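Have a look at input_31.cif below; it lists mmCIF, C-alpha atoms.
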```
data_target
loop_
_atom_site.label_atom_id
_atom_site.label_comp_id
_atom_site.auth_asym_id
_atom_site.auth_seq_id
_atom_site.Cartn_x
_atom_site.Cartn_y
_atom_site.Cartn_z
CA MET S 1 -1.74 -13.71 -13.66
CA ASN S 2 1.89 -13.21 -12.91
CA ARG S 3 2.77 -15.42 -9.95
CA ILE S 4 6.17 -13.85 -9.53
CA ALA S 5 5.98 -10.99 -7.06
CA SER S 6 7.25 -7.58 -8.12
CA ASN S 7 9.08 -5.31 -5.69
CA ILE S 8 7.99 -1.73 -5.12
CA PHE S 9 11.53 -0.64 -4.22
CA GLU S 10 13.13 -1.96 -7.42
CA HIS S 11 13.49 -0.58 -10.94
CA ILE S 12 14.01 3.01 -9.88
CA PRO S 13 15.76 4.99 -12.65
CA ASP S 14 19.07 6.66 -11.72
CA GLU S 15 17.85 10.02 -12.97
CA ILE S 16 14.37 11.23 -12.15
CA SER S 17 13.98 14.50 -13.97
CA ASN S 18 10.19 14.26 -13.69
CA GLU S 19 8.06 12.50 -11.14
CA LEU S 20 7.47 8.92 -12.19
CA PHE S 21 3.91 7.53 -12.18
CA GLU S 22 3.28 3.81 -12.78
CA ASN S 23 0.06 1.82 -12.60
CA ILE S 24 0.30 -1.33 -10.52
CA VAL S 25 -3.38 -2.28 -10.56
CA SER S 26 -6.02 -0.74 -12.79
CA ALA S 27 -9.57 -1.99 -12.31
CA GLU S 28 -13.12 -0.70 -12.58
CA ASN S 29 -13.31 0.89 -9.16
CA ILE S 30 -9.71 1.38 -8.13
CA ARG S 31 -6.29 2.24 -9.37
CA ILE S 32 -3.10 1.52 -7.46
CA GLU S 33 -0.12 3.59 -8.50
CA ARG S 34 3.54 3.86 -7.57
CA ILE S 35 4.90 7.39 -7.59
CA VAL S 36 8.61 8.19 -7.35
CA SER S 37 9.62 11.77 -6.49
CA LYS S 38 13.00 13.32 -5.81
CA GLY S 39 12.78 16.92 -4.73
CA HIS S 40 9.69 17.44 -6.88
CA ASP S 41 6.59 19.26 -5.88
CA SER S 42 3.36 18.86 -7.83
CA PRO S 43 1.19 19.55 -9.63
CA GLU S 44 2.54 22.53 -11.56
CA SER S 45 -1.04 23.67 -12.09
CA GLY S 46 -1.41 24.43 -8.38
CA TRP S 47 -3.73 21.87 -6.79
CA TYR S 48 -4.86 18.32 -7.27
CA ASP S 49 -8.67 18.31 -7.39
CA GLN S 50 -9.63 14.69 -7.97
CA ASP S 51 -12.93 12.98 -8.70
CA GLU S 52 -11.79 9.94 -6.74
CA HIS S 53 -10.79 9.44 -3.14
CA GLU S 54 -7.11 8.76 -2.58
CA TRP S 55 -5.38 6.80 0.15
CA VAL S 56 -1.66 7.42 0.04
CA ILE S 57 1.33 6.05 1.94
CA VAL S 58 5.01 7.01 1.81
CA LEU S 59 7.14 3.86 1.74
CA LYS S 60 10.56 5.51 1.47
CA GLY S 61 11.85 9.08 1.73
CA GLU S 62 9.98 12.07 3.11
CA ALA S 63 7.35 14.45 1.82
CA GLU S 64 4.86 17.16 2.71
CA ILE S 65 1.31 17.46 1.52
CA GLN S 66 -0.39 20.81 1.79
CA PHE S 67 -4.14 21.32 1.82
CA GLU S 68 -5.97 24.37 0.53
CA ASN S 69 -6.71 25.52 4.09
CA GLN S 70 -2.91 25.74 4.57
CA THR S 71 -2.67 22.64 6.77
CA THR S 72 0.56 20.85 5.97
CA VAL S 73 1.16 17.20 6.80
CA ARG S 74 4.67 15.78 7.01
CA LEU S 75 5.02 12.20 5.82
CA ALA S 76 7.90 9.82 6.57
CA SER S 77 8.30 6.14 5.76
CA GLY S 78 5.06 4.39 6.74
CA SER S 79 2.95 7.56 7.05
CA HIS S 80 -0.43 7.29 5.41
CA LEU S 81 -3.35 9.58 4.83
CA ASN S 82 -6.80 9.46 3.27
CA ILE S 83 -7.73 12.34 0.97
CA PRO S 84 -11.44 12.57 0.06
CA ALA S 85 -12.41 13.40 -3.52
CA HIS S 86 -12.20 17.10 -4.36
CA MET S 87 -10.20 17.97 -1.27
CA ARG S 88 -7.69 20.24 -2.97
CA HIS S 89 -4.11 19.41 -2.07
CA LYS S 90 -0.61 19.45 -3.41
CA VAL S 91 2.76 17.88 -2.74
CA SER S 92 4.57 20.93 -1.39
CA TRP S 93 7.93 19.22 -0.75
CA THR S 94 9.79 15.96 -1.23
CA ASP S 95 13.26 15.07 0.01
CA PRO S 96 15.80 16.30 -2.59
CA ASP S 97 18.50 13.85 -1.44
CA THR S 98 16.74 10.54 -1.91
CA GLU S 99 13.85 9.02 -3.82
CA THR S 100 10.49 9.28 -2.15
CA ILE S 101 8.40 6.23 -3.06
CA TRP S 102 4.64 6.62 -2.67
CA LEU S 103 1.86 4.14 -3.04
CA ALA S 104 -1.47 5.73 -3.97
CA VAL S 105 -4.84 3.94 -4.07
CA TYR S 106 -7.52 5.90 -5.95
CA TYR S 107 -11.07 4.66 -5.37
CA LYS S 108 -14.70 5.56 -5.98
CA MET N 109 -11.13 13.78 8.06
CA ASN N 110 -8.12 13.19 10.19
CA ARG N 111 -5.36 15.41 8.85
CA ILE N 112 -2.72 13.83 11.01
CA ALA N 113 -1.04 11.00 9.19
CA SER N 114 -0.96 7.57 10.85
CA ASN N 115 2.06 5.31 10.52
CA ILE N 116 1.73 1.73 9.33
CA PHE N 117 4.82 0.65 11.29
CA GLU N 118 3.59 1.95 14.64
CA HIS N 119 1.26 0.60 17.33
CA ILE N 120 2.39 -3.00 16.97
CA PRO N 121 1.58 -4.98 20.15
CA ASP N 122 4.54 -6.65 21.91
CA GLU N 123 2.80 -10.01 21.89
CA ILE N 124 1.01 -11.22 18.79
CA SER N 125 -0.58 -14.51 19.75
CA ASN N 126 -2.97 -14.26 16.80
CA GLU N 127 -2.58 -12.50 13.50
CA LEU N 128 -3.76 -8.92 13.78
CA PHE N 129 -6.19 -7.52 11.18
CA GLU N 130 -7.07 -3.81 11.14
CA ASN N 131 -9.16 -1.84 8.68
CA ILE N 132 -7.47 1.32 7.42
CA VAL N 133 -10.02 2.26 4.75
CA SER N 134 -13.45 0.73 4.36
CA ALA N 135 -15.52 1.98 1.43
CA GLU N 136 -18.13 0.68 -0.97
CA ASN N 137 -15.77 -0.89 -3.44
CA ILE N 138 -12.56 -1.39 -1.51
CA ARG N 139 -11.14 -2.25 1.83
CA ILE N 140 -7.55 -1.52 2.86
CA GLU N 141 -6.27 -3.59 5.75
CA ARG N 142 -3.10 -3.86 7.77
CA ILE N 143 -2.16 -7.39 8.77
CA VAL N 144 0.56 -8.19 11.31
CA SER N 145 1.87 -11.76 11.47
CA LYS N 146 4.69 -13.31 13.45
CA GLY N 147 5.33 -16.91 12.57
CA HIS N 148 1.64 -17.42 11.79
CA ASP N 149 0.24 -19.25 8.83
CA SER N 150 -3.40 -18.86 7.83
CA PRO N 151 -6.22 -19.53 7.49
CA GLU N 152 -6.69 -22.50 9.78
CA SER N 153 -9.52 -23.66 7.55
CA GLY N 154 -7.08 -24.43 4.73
CA TRP N 155 -7.49 -21.88 1.96
CA TYR N 156 -8.63 -18.33 1.44
CA ASP N 157 -11.31 -18.32 -1.25
CA GLN N 158 -12.39 -14.68 -1.56
CA ASP N 159 -15.19 -12.98 -3.46
CA GLU N 160 -12.97 -9.94 -3.97
CA HIS N 161 -9.68 -9.44 -5.70
CA GLU N 162 -6.75 -8.77 -3.41
CA TRP N 163 -3.58 -6.81 -4.02
CA VAL N 164 -1.10 -7.44 -1.24
CA ILE N 165 2.32 -6.05 -0.35
CA VAL N 166 4.75 -7.00 2.41
CA LEU N 167 6.17 -3.86 4.02
CA LYS N 168 8.31 -5.52 6.70
CA GLY N 169 9.39 -9.06 7.43
CA GLU N 170 9.11 -12.06 5.12
CA ALA N 171 6.37 -14.44 4.11
CA GLU N 172 5.33 -17.14 1.69
CA ILE N 173 2.01 -17.47 -0.08
CA GLN N 174 1.04 -20.81 -1.50
CA PHE N 175 -1.51 -21.32 -4.25
CA GLU N 176 -3.69 -24.37 -4.70
CA ASN N 177 -1.62 -25.52 -7.67
CA GLN N 178 1.34 -25.74 -5.24
CA THR N 179 3.11 -22.66 -6.57
CA THR N 180 4.75 -20.86 -3.66
CA VAL N 181 5.75 -17.21 -3.81
CA ARG N 182 8.30 -15.79 -1.38
CA LEU N 183 7.69 -12.20 -0.33
CA ALA N 184 10.21 -9.82 1.25
CA SER N 185 9.89 -6.14 2.10
CA GLY N 186 8.40 -4.39 -0.92
CA SER N 187 7.18 -7.56 -2.67
CA HIS N 188 3.67 -7.30 -4.02
CA LEU N 189 1.24 -9.60 -5.74
CA ASN N 190 -2.27 -9.47 -7.19
CA ILE N 191 -4.58 -12.37 -6.30
CA PRO N 192 -7.77 -12.59 -8.38
CA ALA N 193 -11.06 -13.41 -6.63
CA HIS N 194 -11.52 -17.12 -5.90
CA MET N 195 -7.90 -17.98 -6.54
CA ARG N 196 -7.42 -20.24 -3.56
CA HIS N 197 -4.32 -19.42 -1.56
CA LYS N 198 -2.90 -19.44 1.92
CA VAL N 199 -0.10 -17.88 3.90
CA SER N 200 2.14 -20.92 4.29
CA TRP N 201 4.89 -19.22 6.31
CA THR N 202 5.82 -15.95 7.97
CA ASP N 203 9.10 -15.07 9.65
CA PRO N 204 8.95 -16.28 13.28
CA ASP N 205 11.64 -13.84 14.45
CA THR N 206 10.08 -10.51 13.49
CA GLU N 207 6.71 -9.01 12.70
CA THR N 208 5.62 -9.27 9.11
CA ILE N 209 3.53 -6.23 8.20
CA TRP N 210 1.24 -6.61 5.21
CA LEU N 211 -0.94 -4.14 3.44
CA ALA N 212 -3.90 -5.73 1.66
CA VAL N 213 -6.26 -3.96 -0.74
CA TYR N 214 -9.49 -5.92 -1.40
CA TYR N 215 -11.47 -4.67 -4.38
CA LYS N 216 -14.41 -5.56 -6.63
#
```

Could you write out this structure as structure tokens?
Amino acid sequence: MNRIASNIFEHIPDEISNELFENIVSAENIRIERIVSKGHDSPESGWYDQDEHEWVIVLKGEAEIQFENQTTVRLASGSHLNIPAHMRHKVSWTDPDTETIWLAVYYK
Amino acid sequence: MNRIASNIFEHIPDEISNELFENIVSAENIRIERIVSKGHDSPESGWYDQDEHEWVIVLKGEAEIQFENQTTVRLASGSHLNIPAHMRHKVSWTDPDTETIWLAVYYK
């Protein structure tokens, strides 16, 4: 185990041409991921349709998540949301002027 | 499902005489909890000795976690740490001047 704490706000590349996905914890039943966006929307394929539940929080920046029923939820720093498995959704907008840092917990 | 996002930095009581623990997600294999401390250390019983792994991040404020081998880790906003099950630890200090907001993910 690494006893030195890491910092979620550090080691952000200067240029983010694609969204950046990094595993923080990967275990049998959960995965914790940091996502860094800057003006990106995703996925290109249209919708996320995931086998796992996802709890997501925006820690910096701003974003919008859209659901298939057209509901759109605006997320600022500290906003969090639980997305059940197979609830189709997409990131419809992220702030183009600053990095948006997300923490996502995927669980069964 | 509640489509309105909650905010982790909101609904903090003015007076926090005891540490505040609130479940955000509670599922079969994980539990996500918000903890608000203000000058508290814990637990009173000496050490946390948990059956589950814990990934913890400080989102606001400052804190120190001490491990049984005397290693102490200082945590500021954004600092995160993974604590394996049964690794005995305690919160040895939190900032007395402001709320420290933690997010803890307990998992099997």

_Radius query 8 Å about (-9.4, 1.9, -6.8), atoms used: all atoms listed in the file, as a PyMOL selection string_ = (chain S and resi 26-32+105-108) or (chain N and resi 137-138+215)

Would you mind exporting the chosen residues as a PDB file, keeping the file's coordinate frame, restricted to C-alpha atoms?
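Final output, saved to selection.pdb:
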```pdb
ATOM      1  CA  SER S  26      -6.020  -0.740 -12.790  1.00  0.00           C
ATOM      2  CA  ALA S  27      -9.570  -1.990 -12.310  1.00  0.00           C
ATOM      3  CA  GLU S  28     -13.120  -0.700 -12.580  1.00  0.00           C
ATOM      4  CA  ASN S  29     -13.310   0.890  -9.160  1.00  0.00           C
ATOM      5  CA  ILE S  30      -9.710   1.380  -8.130  1.00  0.00           C
ATOM      6  CA  ARG S  31      -6.290   2.240  -9.370  1.00  0.00           C
ATOM      7  CA  ILE S  32      -3.100   1.520  -7.460  1.00  0.00           C
ATOM      8  CA  VAL S 105      -4.840   3.940  -4.070  1.00  0.00           C
ATOM      9  CA  TYR S 106      -7.520   5.900  -5.950  1.00  0.00           C
ATOM     10  CA  TYR S 107     -11.070   4.660  -5.370  1.00  0.00           C
ATOM     11  CA  LYS S 108     -14.700   5.560  -5.980  1.00  0.00           C
TER      12      LYS S 108
ATOM     13  CA  ASN N 137     -15.770  -0.890  -3.440  1.00  0.00           C
ATOM     14  CA  ILE N 138     -12.560  -1.390  -1.510  1.00  0.00           C
ATOM     15  CA  TYR N 215     -11.470  -4.670  -4.380  1.00  0.00           C
TER      16      TYR N 215
END
```

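Between CA of Asn7 (chain S) and CA of Gly61 (chain S) there is a distance of 16.4 Å.
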
Superimposed copy of chain S on chain N by least squares over C-alpha atoms, as an mmCIF file with C-alpha atoms, in the coordinates of the input:
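Final output, result-v3.cif:
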```cif
data_model
loop_
_atom_site.group_PDB
_atom_site.id
_atom_site.type_symbol
_atom_site.label_atom_id
_atom_site.label_comp_id
_atom_site.auth_asym_id
_atom_site.auth_seq_id
_atom_site.Cartn_x
_atom_site.Cartn_y
_atom_site.Cartn_z
ATOM 1 C CA MET S 1 -11.144 13.710 8.074
ATOM 2 C CA ASN S 2 -8.111 13.212 10.205
ATOM 3 C CA ARG S 3 -5.353 15.422 8.818
ATOM 4 C CA ILE S 4 -2.717 13.854 11.008
ATOM 5 C CA ALA S 5 -1.047 10.993 9.180
ATOM 6 C CA SER S 6 -0.949 7.585 10.834
ATOM 7 C CA ASN S 7 2.076 5.315 10.504
ATOM 8 C CA ILE S 8 1.746 1.734 9.322
ATOM 9 C CA PHE S 9 4.826 0.646 11.286
ATOM 10 C CA GLU S 10 3.590 1.969 14.643
ATOM 11 C CA HIS S 11 1.273 0.590 17.317
ATOM 12 C CA ILE S 12 2.402 -3.000 16.972
ATOM 13 C CA PRO S 13 1.583 -4.978 20.146
ATOM 14 C CA ASP S 14 4.528 -6.646 21.922
ATOM 15 C CA GLU S 15 2.783 -10.007 21.892
ATOM 16 C CA ILE S 16 0.997 -11.219 18.795
ATOM 17 C CA SER S 17 -0.595 -14.489 19.760
ATOM 18 C CA ASN S 18 -2.987 -14.252 16.807
ATOM 19 C CA GLU S 19 -2.589 -12.494 13.507
ATOM 20 C CA LEU S 20 -3.759 -8.914 13.794
ATOM 21 C CA PHE S 21 -6.190 -7.527 11.192
ATOM 22 C CA GLU S 22 -7.060 -3.807 11.141
ATOM 23 C CA ASN S 23 -9.135 -1.819 8.671
ATOM 24 C CA ILE S 24 -7.456 1.330 7.418
ATOM 25 C CA VAL S 25 -10.006 2.278 4.764
ATOM 26 C CA SER S 26 -13.438 0.736 4.369
ATOM 27 C CA ALA S 27 -15.521 1.984 1.453
ATOM 28 C CA GLU S 28 -18.149 0.691 -0.948
ATOM 29 C CA ASN S 29 -15.786 -0.900 -3.428
ATOM 30 C CA ILE S 30 -12.570 -1.388 -1.510
ATOM 31 C CA ARG S 31 -11.131 -2.245 1.832
ATOM 32 C CA ILE S 32 -7.554 -1.523 2.847
ATOM 33 C CA GLU S 33 -6.270 -3.591 5.732
ATOM 34 C CA ARG S 34 -3.086 -3.858 7.762
ATOM 35 C CA ILE S 35 -2.168 -7.387 8.769
ATOM 36 C CA VAL S 36 0.548 -8.185 11.309
ATOM 37 C CA SER S 37 1.868 -11.764 11.458
ATOM 38 C CA LYS S 38 4.679 -13.312 13.456
ATOM 39 C CA GLY S 39 5.316 -16.912 12.559
ATOM 40 C CA HIS S 40 1.633 -17.434 11.780
ATOM 41 C CA ASP S 41 0.239 -19.257 8.838
ATOM 42 C CA SER S 42 -3.394 -18.858 7.820
ATOM 43 C CA PRO S 43 -6.192 -19.549 7.472
ATOM 44 C CA GLU S 44 -6.673 -22.528 9.780
ATOM 45 C CA SER S 45 -9.511 -23.670 7.535
ATOM 46 C CA GLY S 46 -7.061 -24.432 4.725
ATOM 47 C CA TRP S 47 -7.492 -21.874 1.944
ATOM 48 C CA TYR S 48 -8.617 -18.324 1.447
ATOM 49 C CA ASP S 49 -11.314 -18.317 -1.247
ATOM 50 C CA GLN S 50 -12.395 -14.698 -1.552
ATOM 51 C CA ASP S 51 -15.188 -12.990 -3.457
ATOM 52 C CA GLU S 52 -12.980 -9.949 -3.971
ATOM 53 C CA HIS S 53 -9.672 -9.450 -5.709
ATOM 54 C CA GLU S 54 -6.743 -8.767 -3.412
ATOM 55 C CA TRP S 55 -3.570 -6.807 -4.023
ATOM 56 C CA VAL S 56 -1.102 -7.424 -1.236
ATOM 57 C CA ILE S 57 2.330 -6.053 -0.360
ATOM 58 C CA VAL S 58 4.756 -7.010 2.411
ATOM 59 C CA LEU S 59 6.163 -3.858 4.008
ATOM 60 C CA LYS S 60 8.309 -5.506 6.686
ATOM 61 C CA GLY S 61 9.383 -9.075 7.451
ATOM 62 C CA GLU S 62 9.109 -12.067 5.145
ATOM 63 C CA ALA S 63 6.368 -14.448 4.114
ATOM 64 C CA GLU S 64 5.312 -17.160 1.692
ATOM 65 C CA ILE S 65 2.014 -17.462 -0.079
ATOM 66 C CA GLN S 66 1.047 -20.814 -1.500
ATOM 67 C CA PHE S 67 -1.500 -21.326 -4.253
ATOM 68 C CA GLU S 68 -3.692 -24.377 -4.700
ATOM 69 C CA ASN S 69 -1.605 -25.529 -7.677
ATOM 70 C CA GLN S 70 1.348 -25.746 -5.237
ATOM 71 C CA THR S 71 3.114 -22.647 -6.571
ATOM 72 C CA THR S 72 4.743 -20.854 -3.671
ATOM 73 C CA VAL S 73 5.758 -17.204 -3.805
ATOM 74 C CA ARG S 74 8.314 -15.782 -1.392
ATOM 75 C CA LEU S 75 7.686 -12.201 -0.325
ATOM 76 C CA ALA S 76 10.205 -9.819 1.258
ATOM 77 C CA SER S 77 9.887 -6.139 2.102
ATOM 78 C CA GLY S 78 8.382 -4.391 -0.931
ATOM 79 C CA SER S 79 7.163 -7.563 -2.679
ATOM 80 C CA HIS S 80 3.653 -7.295 -4.018
ATOM 81 C CA LEU S 81 1.231 -9.587 -5.747
ATOM 82 C CA ASN S 82 -2.269 -9.469 -7.192
ATOM 83 C CA ILE S 83 -4.581 -12.349 -6.292
ATOM 84 C CA PRO S 84 -7.785 -12.581 -8.372
ATOM 85 C CA ALA S 85 -11.057 -13.411 -6.626
ATOM 86 C CA HIS S 86 -11.524 -17.110 -5.895
ATOM 87 C CA MET S 87 -7.903 -17.980 -6.554
ATOM 88 C CA ARG S 88 -7.422 -20.248 -3.559
ATOM 89 C CA HIS S 89 -4.314 -19.415 -1.568
ATOM 90 C CA LYS S 90 -2.893 -19.452 1.900
ATOM 91 C CA VAL S 91 -0.097 -17.880 3.896
ATOM 92 C CA SER S 92 2.127 -20.929 4.292
ATOM 93 C CA TRP S 93 4.894 -19.217 6.300
ATOM 94 C CA THR S 94 5.818 -15.956 7.982
ATOM 95 C CA ASP S 95 9.098 -15.064 9.660
ATOM 96 C CA PRO S 96 8.943 -16.291 13.293
ATOM 97 C CA ASP S 97 11.630 -13.839 14.470
ATOM 98 C CA THR S 98 10.081 -10.530 13.508
ATOM 99 C CA GLU S 99 6.710 -9.012 12.709
ATOM 100 C CA THR S 100 5.625 -9.275 9.117
ATOM 101 C CA ILE S 101 3.530 -6.226 8.216
ATOM 102 C CA TRP S 102 1.239 -6.619 5.209
ATOM 103 C CA LEU S 103 -0.936 -4.141 3.436
ATOM 104 C CA ALA S 104 -3.894 -5.733 1.648
ATOM 105 C CA VAL S 105 -6.276 -3.945 -0.741
ATOM 106 C CA TYR S 106 -9.480 -5.907 -1.404
ATOM 107 C CA TYR S 107 -11.490 -4.669 -4.389
ATOM 108 C CA LYS S 108 -14.420 -5.572 -6.615
#
```

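Minimum atom-to-atom distances from N:Thr202, N:Lys146, N:Ile120, N:Met195 to Asn177 (chain N) were compared using only C-alpha atoms, and the lowest value belongs to N:Met195.
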
*asked:* Using only C-alpha atoms and a cut-off of 6 Å, which residues of chain S sit close to chain N? Please list them as number ranges by chain.
replied: S: 5-9, 78-81

Keeping only C-alpha atoms, write the selected residues as a compact mmCIF listing (two decimals), in the frame of the given file.
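Below you can see result.txt, which holds the result:
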```
# COMPACT_ATOMS: atom_id res chain seq x y z
CA ALA S 5 5.98 -10.99 -7.06
CA SER S 6 7.25 -7.58 -8.12
CA ASN S 7 9.08 -5.31 -5.69
CA ILE S 8 7.99 -1.73 -5.12
CA PHE S 9 11.53 -0.64 -4.22
CA GLY S 78 5.06 4.39 6.74
CA SER S 79 2.95 7.56 7.05
CA HIS S 80 -0.43 7.29 5.41
CA LEU S 81 -3.35 9.58 4.83
```

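Surrounding residues of (17.4, 14.7, -9.8) at most 8 Å away are Glu15, Ile16, Ser17, Lys38, Gly39 and Pro96 of chain S (based on all atoms listed in the file).
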
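Going from CA of Asp97 (chain S) to CA of Pro43 (chain S) covers 20.0 Å.
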
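Interatomic distance, CA of His148 (chain N) against CA of Ala193 (chain N): 22.7 Å.
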
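In terms of minimum interatomic distance to Lys198 (chain N), N:Asp157 ranks closest within N:Glu127, N:Asp157, N:Leu211, N:Arg142, counting all atoms listed in the file.
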
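Once the PyMOL selection byres ((chain N and resi 128) around 7) is applied to the shown structure, the selection contains Asn126, Glu127, Phe129, Glu130, Ile143, Val144 and Ser145 of chain N.
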
*asked:* List the spatial neighbours of Asp41 (chain S) as a ChimeraX atom specification - criterion: any atom at most 7 Å away, all atoms listed in the file, same-chain residues fewer than 6 positions off excluded.
replied: /S:91-94

Size and centre in Å, one decimal, axis-aligned box, all listed region 131-150 of chain N atoms plus 5 Å per side, as lines of an AutoDock Vina configuration file:
```
center_x = -6.4
center_y = -8.5
center_z = 5.0
size_x = 33.5
size_y = 31.5
size_z = 26.9
```
